[in-house]
Amino acid sequence: MANPEKASARTLAGKCFCGQVRYEVADEFAYAANCHCSNCRRTTGSAFKPFAGIERDKFRLTAGDDRLLIYGDAGGHDAHCGQCGSLLYSLVREGTYVHVAMGTLMDDPSRTYLRRFQGAMVHDYGRSAAIS
Ligand SMILES: [Zn+2]
Ligand SMILES: [Zn+2]
C-alpha cells in the first residue's frame, strides 16, 4: 500500500495486461468517476469504467508508445495496447486531459476519495484487497 503522507512529486505507474505499454502519471488526479455510459461499457467490456482525470502534461508513456492502438483522433481518443488490447487511457476535452483507466494503475493514488473508486471495483468484482 502506498504511503498517503507523500503527496507531492509522487508518480503512479501503470501498465497494460501484457506489460508492453507502460505509463507514469502524477499523483494529482483532478477528478474521478465510475462511468456507466454505453461507450465505456463497450470499451472495457465491463459494467462501468472507473477512471481518473488529469491534465495531459502530467501523464507520460514510459514504454510501448509505438505499440498503441489509437481509436479516435488527435483531439480525443481511446488508447489501447496493440498487443493485448487493454484500454489504458482516453484523451479527452480537445486533447487537454487524460482519463486514466484505473484498472491499469499499479500504484494506489494517495487521495482517499480516489481510492474509493478502486475500492468499488474491488468490492464489485470480489478481488481480495484491503482498501480503506
Ligand atoms: Zn498490452
Ligand atoms: Zn463513459
# chains A, B, ... in the order shown; residues from 1 in each chain; ligands from 1
call {"tool": "residues_near_ligand", "arguments": {"ligand": "ligand 2", "cutoff": "6 Å", "atoms": "only C-alpha atoms and all ligand atoms", "output": "list of chain:residue names"}}
result
A:Cys35, A:His36, A:Cys37, A:Asn39, A:Cys40
call {"tool": "write_last_selection", "arguments": {"atoms": "C-alpha atoms", "output": "PDB file, in the first residue's frame"}}
result
ATOM      1  CA  CYS A  35     -18.641   5.964 -15.871  1.00  0.00           C
ATOM      2  CA  HIS A  36     -21.611   3.762 -16.774  1.00  0.00           C
ATOM      3  CA  CYS A  37     -22.165   5.174 -20.267  1.00  0.00           C
ATOM      4  CA  ASN A  39     -19.237   3.739 -24.709  1.00  0.00           C
ATOM      5  CA  CYS A  40     -17.295   2.977 -21.534  1.00  0.00           C
TER       6      CYS A  40
END
call {"tool": "closest_atom_pairs", "arguments": {"of": "chain A", "to": "ligand 1", "cutoff": "12 Å", "atoms": "only C-alpha atoms and all ligand atoms", "output": "CSV"}}
result
residue,atom,partner,partner_atom_place_in_ligand_line,distance
A:Gly14,CA,ligand 1,1 (Zn),11.2
A:Lys15,CA,ligand 1,1 (Zn),7.5
A:Cys16,CA,ligand 1,1 (Zn),4.5
A:Phe17,CA,ligand 1,1 (Zn),4.9
A:Cys18,CA,ligand 1,1 (Zn),3.9
A:Gly19,CA,ligand 1,1 (Zn),5.2
A:Gln20,CA,ligand 1,1 (Zn),5.0
A:Val21,CA,ligand 1,1 (Zn),5.7
A:Arg22,CA,ligand 1,1 (Zn),8.7
A:Tyr23,CA,ligand 1,1 (Zn),11.8
A:Ala63,CA,ligand 1,1 (Zn),10.6
A:Gly64,CA,ligand 1,1 (Zn),8.6
A:Asp65,CA,ligand 1,1 (Zn),10.9
A:Asp66,CA,ligand 1,1 (Zn),11.7
A:Arg67,CA,ligand 1,1 (Zn),8.4
A:Leu68,CA,ligand 1,1 (Zn),8.7
A:Leu69,CA,ligand 1,1 (Zn),10.0
A:Ala79,CA,ligand 1,1 (Zn),10.9
A:His80,CA,ligand 1,1 (Zn),7.8
A:Cys81,CA,ligand 1,1 (Zn),4.5
A:Gly82,CA,ligand 1,1 (Zn),6.6
A:Gln83,CA,ligand 1,1 (Zn),5.0
A:Cys84,CA,ligand 1,1 (Zn),4.1
A:Gly85,CA,ligand 1,1 (Zn),6.0
A:Ser86,CA,ligand 1,1 (Zn),5.9
A:Leu87,CA,ligand 1,1 (Zn),8.9
A:Leu88,CA,ligand 1,1 (Zn),9.1
A:Thr104,CA,ligand 1,1 (Zn),10.4
call {"tool": "write_last_selection", "arguments": {"atoms": "C-alpha atoms", "output": "PDB file, in the first residue's frame"}}
result
ATOM      1  CA  GLY A  14       0.555   1.767 -14.719  1.00  0.00           C
ATOM      2  CA  LYS A  15       0.667  -0.845 -17.437  1.00  0.00           C
ATOM      3  CA  CYS A  16      -1.461  -2.918 -19.742  1.00  0.00           C
ATOM      4  CA  PHE A  17      -2.215  -6.605 -19.277  1.00  0.00           C
ATOM      5  CA  CYS A  18       0.793  -7.853 -21.273  1.00  0.00           C
ATOM      6  CA  GLY A  19       3.122  -5.166 -19.893  1.00  0.00           C
ATOM      7  CA  GLN A  20       4.355  -3.798 -23.243  1.00  0.00           C
ATOM      8  CA  VAL A  21       2.762  -0.399 -22.702  1.00  0.00           C
ATOM      9  CA  ARG A  22       3.635   1.427 -19.505  1.00  0.00           C
ATOM     10  CA  TYR A  23       2.944   4.893 -18.247  1.00  0.00           C
ATOM     11  CA  ALA A  63       7.229   2.204 -22.755  1.00  0.00           C
ATOM     12  CA  GLY A  64       5.400   0.875 -25.772  1.00  0.00           C
ATOM     13  CA  ASP A  65       4.184   4.152 -27.265  1.00  0.00           C
ATOM     14  CA  ASP A  66       4.871   2.611 -30.691  1.00  0.00           C
ATOM     15  CA  ARG A  67       2.557  -0.268 -29.816  1.00  0.00           C
ATOM     16  CA  LEU A  68      -0.511   1.793 -29.005  1.00  0.00           C
ATOM     17  CA  LEU A  69      -3.746   1.175 -30.801  1.00  0.00           C
ATOM     18  CA  ALA A  79      -5.602   4.310 -26.295  1.00  0.00           C
ATOM     19  CA  HIS A  80      -5.319   0.546 -26.115  1.00  0.00           C
ATOM     20  CA  CYS A  81      -2.316  -1.731 -26.097  1.00  0.00           C
ATOM     21  CA  GLY A  82      -1.995  -3.001 -29.676  1.00  0.00           C
ATOM     22  CA  GLN A  83      -0.777  -6.335 -28.365  1.00  0.00           C
ATOM     23  CA  CYS A  84      -3.193  -7.313 -25.565  1.00  0.00           C
ATOM     24  CA  GLY A  85      -5.974  -4.779 -26.161  1.00  0.00           C
ATOM     25  CA  SER A  86      -6.124  -3.256 -22.662  1.00  0.00           C
ATOM     26  CA  LEU A  87      -7.741   0.158 -22.540  1.00  0.00           C
ATOM     27  CA  LEU A  88      -5.131   2.305 -20.813  1.00  0.00           C
ATOM     28  CA  THR A 104      -4.385  -0.277 -15.212  1.00  0.00           C
TER      29      THR A 104
END
call {"tool": "residues_around", "arguments": {"residues": "Asp27 of chain A", "least_positions_apart": "2", "cutoff": "9 Å", "atoms": "only C-alpha atoms", "output": "number ranges by chain"}}
result
A: 7-12, 25, 29, 58, 108-111
call {"tool": "residues_around", "arguments": {"residues": "Val100 of chain A", "least_positions_apart": "5", "cutoff": "7 Å", "atoms": "only C-alpha atoms", "output": "JSON list (two decimals) with N, CA and C atoms, in the first residue's frame"}}
result
[["chain", "number", "residue", "atom", "x", "y", "z"],
["A", 51, "PHE", "N", -12.44, 5.66, -13.77],
["A", 51, "PHE", "CA", -11.34, 6.40, -14.37],
["A", 51, "PHE", "C", -11.02, 7.62, -13.53],
["A", 52, "ALA", "N", -9.83, 8.16, -13.72],
["A", 52, "ALA", "CA", -9.44, 9.39, -13.03],
["A", 52, "ALA", "C", -8.85, 10.34, -14.07],
["A", 53, "GLY", "N", -9.21, 11.62, -13.97],
["A", 53, "GLY", "CA", -8.80, 12.61, -14.94],
["A", 53, "GLY", "C", -7.64, 13.46, -14.45],
["A", 88, "LEU", "N", -6.00, 1.68, -21.80],
["A", 88, "LEU", "CA", -5.13, 2.30, -20.81],
["A", 88, "LEU", "C", -5.61, 3.69, -20.40],
["A", 89, "TYR", "N", -5.99, 4.48, -21.41],
["A", 89, "TYR", "CA", -6.43, 5.83, -21.10],
["A", 89, "TYR", "C", -7.21, 6.38, -22.28],
["A", 90, "SER", "N", -7.91, 7.47, -22.04],
["A", 90, "SER", "CA", -8.60, 8.19, -23.10],
["A", 90, "SER", "C", -8.12, 9.62, -23.09]]
call {"tool": "atom_distance", "arguments": {"atom1": "atom CA of Arg60 of chain A", "atom2": "atom CA of Asp73 of chain A"}}
result
17.9 Å
call {"tool": "residues_around", "arguments": {"residues": "Glu55 of chain A", "least_positions_apart": "6", "cutoff": "8 Å", "atoms": "only C-alpha atoms", "output": "PyMOL selection string"}}
result
chain A and resi 30+96-98
call {"tool": "atom_distance", "arguments": {"atom1": "atom CA of Leu114 of chain A", "atom2": "atom CA of Met102 of chain A"}}
result
9.5 Å
call {"tool": "decode", "arguments": {"residues": "segment 13-61 of chain A", "atoms": "N, CA and C atoms", "output": "short mmCIF file (atom, residue, chain, number, x, y, z; two decimals), in the first residue's frame"}}
result
data_model
loop_
_atom_site.label_atom_id
_atom_site.label_comp_id
_atom_site.auth_asym_id
_atom_site.auth_seq_id
_atom_site.Cartn_x
_atom_site.Cartn_y
_atom_site.Cartn_z
N ALA A 13 2.63 4.49 -11.34
CA ALA A 13 2.93 3.73 -12.55
C ALA A 13 1.73 2.88 -12.93
N GLY A 14 1.63 2.63 -14.23
CA GLY A 14 0.55 1.77 -14.72
C GLY A 14 1.02 1.00 -15.93
N LYS A 15 0.31 -0.06 -16.25
CA LYS A 15 0.67 -0.84 -17.44
C LYS A 15 -0.54 -1.63 -17.92
N CYS A 16 -0.40 -2.09 -19.16
CA CYS A 16 -1.46 -2.92 -19.74
C CYS A 16 -1.30 -4.36 -19.26
N PHE A 17 -2.21 -5.20 -19.70
CA PHE A 17 -2.21 -6.60 -19.28
C PHE A 17 -0.91 -7.31 -19.64
N CYS A 18 -0.41 -7.12 -20.86
CA CYS A 18 0.79 -7.85 -21.27
C CYS A 18 2.07 -7.14 -20.84
N GLY A 19 1.97 -5.88 -20.42
CA GLY A 19 3.12 -5.17 -19.89
C GLY A 19 3.96 -4.43 -20.93
N GLN A 20 3.56 -4.47 -22.21
CA GLN A 20 4.36 -3.80 -23.24
C GLN A 20 4.19 -2.28 -23.19
N VAL A 21 3.00 -1.83 -22.80
CA VAL A 21 2.76 -0.40 -22.70
C VAL A 21 2.73 -0.02 -21.22
N ARG A 22 3.56 0.96 -20.89
CA ARG A 22 3.64 1.43 -19.50
C ARG A 22 3.55 2.94 -19.48
N TYR A 23 3.04 3.45 -18.37
CA TYR A 23 2.94 4.89 -18.25
C TYR A 23 3.23 5.34 -16.82
N GLU A 24 3.39 6.62 -16.69
CA GLU A 24 3.64 7.25 -15.41
C GLU A 24 2.72 8.46 -15.33
N VAL A 25 2.09 8.65 -14.22
CA VAL A 25 1.17 9.77 -14.08
C VAL A 25 1.39 10.41 -12.71
N ALA A 26 1.31 11.74 -12.66
CA ALA A 26 1.47 12.42 -11.37
C ALA A 26 0.34 12.02 -10.44
N ASP A 27 0.64 11.93 -9.16
CA ASP A 27 -0.36 11.56 -8.17
C ASP A 27 -1.22 12.79 -7.84
N GLU A 28 -1.77 13.38 -8.88
CA GLU A 28 -2.50 14.66 -8.72
C GLU A 28 -3.77 14.65 -9.54
N PHE A 29 -4.48 13.53 -9.53
CA PHE A 29 -5.72 13.46 -10.31
C PHE A 29 -6.68 14.57 -9.90
N ALA A 30 -7.32 15.19 -10.89
CA ALA A 30 -8.21 16.31 -10.62
C ALA A 30 -9.62 15.84 -10.27
N TYR A 31 -10.02 14.70 -10.78
CA TYR A 31 -11.36 14.17 -10.54
C TYR A 31 -11.39 12.69 -10.89
N ALA A 32 -12.46 12.04 -10.49
CA ALA A 32 -12.59 10.63 -10.81
C ALA A 32 -14.06 10.26 -10.85
N ALA A 33 -14.39 9.21 -11.57
CA ALA A 33 -15.78 8.77 -11.64
C ALA A 33 -15.83 7.32 -12.09
N ASN A 34 -16.95 6.69 -11.80
CA ASN A 34 -17.26 5.41 -12.40
C ASN A 34 -18.23 5.71 -13.53
N CYS A 35 -17.76 5.62 -14.76
CA CYS A 35 -18.64 5.96 -15.87
C CYS A 35 -19.41 4.73 -16.35
N HIS A 36 -20.74 4.87 -16.36
CA HIS A 36 -21.61 3.76 -16.77
C HIS A 36 -22.12 3.93 -18.21
N CYS A 37 -21.62 4.93 -18.93
CA CYS A 37 -22.16 5.17 -20.27
C CYS A 37 -21.89 3.99 -21.20
N SER A 38 -22.66 3.90 -22.28
CA SER A 38 -22.56 2.71 -23.14
C SER A 38 -21.20 2.63 -23.81
N ASN A 39 -20.57 3.78 -24.10
CA ASN A 39 -19.24 3.74 -24.71
C ASN A 39 -18.22 3.10 -23.76
N CYS A 40 -18.26 3.51 -22.50
CA CYS A 40 -17.30 2.98 -21.53
C CYS A 40 -17.56 1.51 -21.24
N ARG A 41 -18.85 1.13 -21.25
CA ARG A 41 -19.15 -0.29 -21.04
C ARG A 41 -18.57 -1.12 -22.19
N ARG A 42 -18.67 -0.60 -23.39
CA ARG A 42 -18.18 -1.38 -24.53
C ARG A 42 -16.66 -1.39 -24.61
N THR A 43 -16.04 -0.23 -24.36
CA THR A 43 -14.57 -0.22 -24.49
C THR A 43 -13.91 -1.09 -23.43
N THR A 44 -14.57 -1.25 -22.27
CA THR A 44 -13.97 -2.07 -21.21
C THR A 44 -14.56 -3.47 -21.16
N GLY A 45 -15.73 -3.67 -21.77
CA GLY A 45 -16.41 -4.96 -21.63
C GLY A 45 -16.91 -5.20 -20.23
N SER A 46 -17.11 -4.10 -19.49
CA SER A 46 -17.48 -4.24 -18.08
C SER A 46 -18.73 -3.41 -17.78
N ALA A 47 -19.22 -3.50 -16.55
CA ALA A 47 -20.45 -2.79 -16.19
C ALA A 47 -20.24 -1.28 -16.13
N PHE A 48 -19.03 -0.88 -15.82
CA PHE A 48 -18.69 0.56 -15.76
C PHE A 48 -17.18 0.69 -15.81
N LYS A 49 -16.73 1.91 -16.05
CA LYS A 49 -15.29 2.16 -16.11
C LYS A 49 -14.87 3.13 -15.02
N PRO A 50 -14.12 2.69 -14.03
CA PRO A 50 -13.56 3.62 -13.06
C PRO A 50 -12.38 4.34 -13.72
N PHE A 51 -12.44 5.66 -13.77
CA PHE A 51 -11.34 6.40 -14.37
C PHE A 51 -11.02 7.62 -13.53
N ALA A 52 -9.83 8.16 -13.72
CA ALA A 52 -9.44 9.39 -13.03
C ALA A 52 -8.85 10.34 -14.07
N GLY A 53 -9.21 11.62 -13.97
CA GLY A 53 -8.80 12.61 -14.94
C GLY A 53 -7.64 13.46 -14.45
N ILE A 54 -6.78 13.82 -15.40
CA ILE A 54 -5.63 14.66 -15.06
C ILE A 54 -5.20 15.43 -16.31
N GLU A 55 -4.52 16.56 -16.12
CA GLU A 55 -4.01 17.33 -17.25
C GLU A 55 -3.04 16.46 -18.05
N ARG A 56 -3.09 16.65 -19.36
CA ARG A 56 -2.31 15.79 -20.25
C ARG A 56 -0.81 15.84 -19.95
N ASP A 57 -0.30 16.99 -19.58
CA ASP A 57 1.16 17.08 -19.39
C ASP A 57 1.63 16.42 -18.09
N LYS A 58 0.68 15.90 -17.30
CA LYS A 58 1.08 15.17 -16.09
C LYS A 58 1.04 13.66 -16.30
N PHE A 59 0.85 13.29 -17.54
CA PHE A 59 0.80 11.88 -17.92
C PHE A 59 1.82 11.63 -19.00
N ARG A 60 2.59 10.56 -18.90
CA ARG A 60 3.51 10.24 -20.00
C ARG A 60 3.70 8.73 -20.12
N LEU A 61 3.84 8.32 -21.37
CA LEU A 61 4.11 6.91 -21.63
C LEU A 61 5.59 6.65 -21.37
#
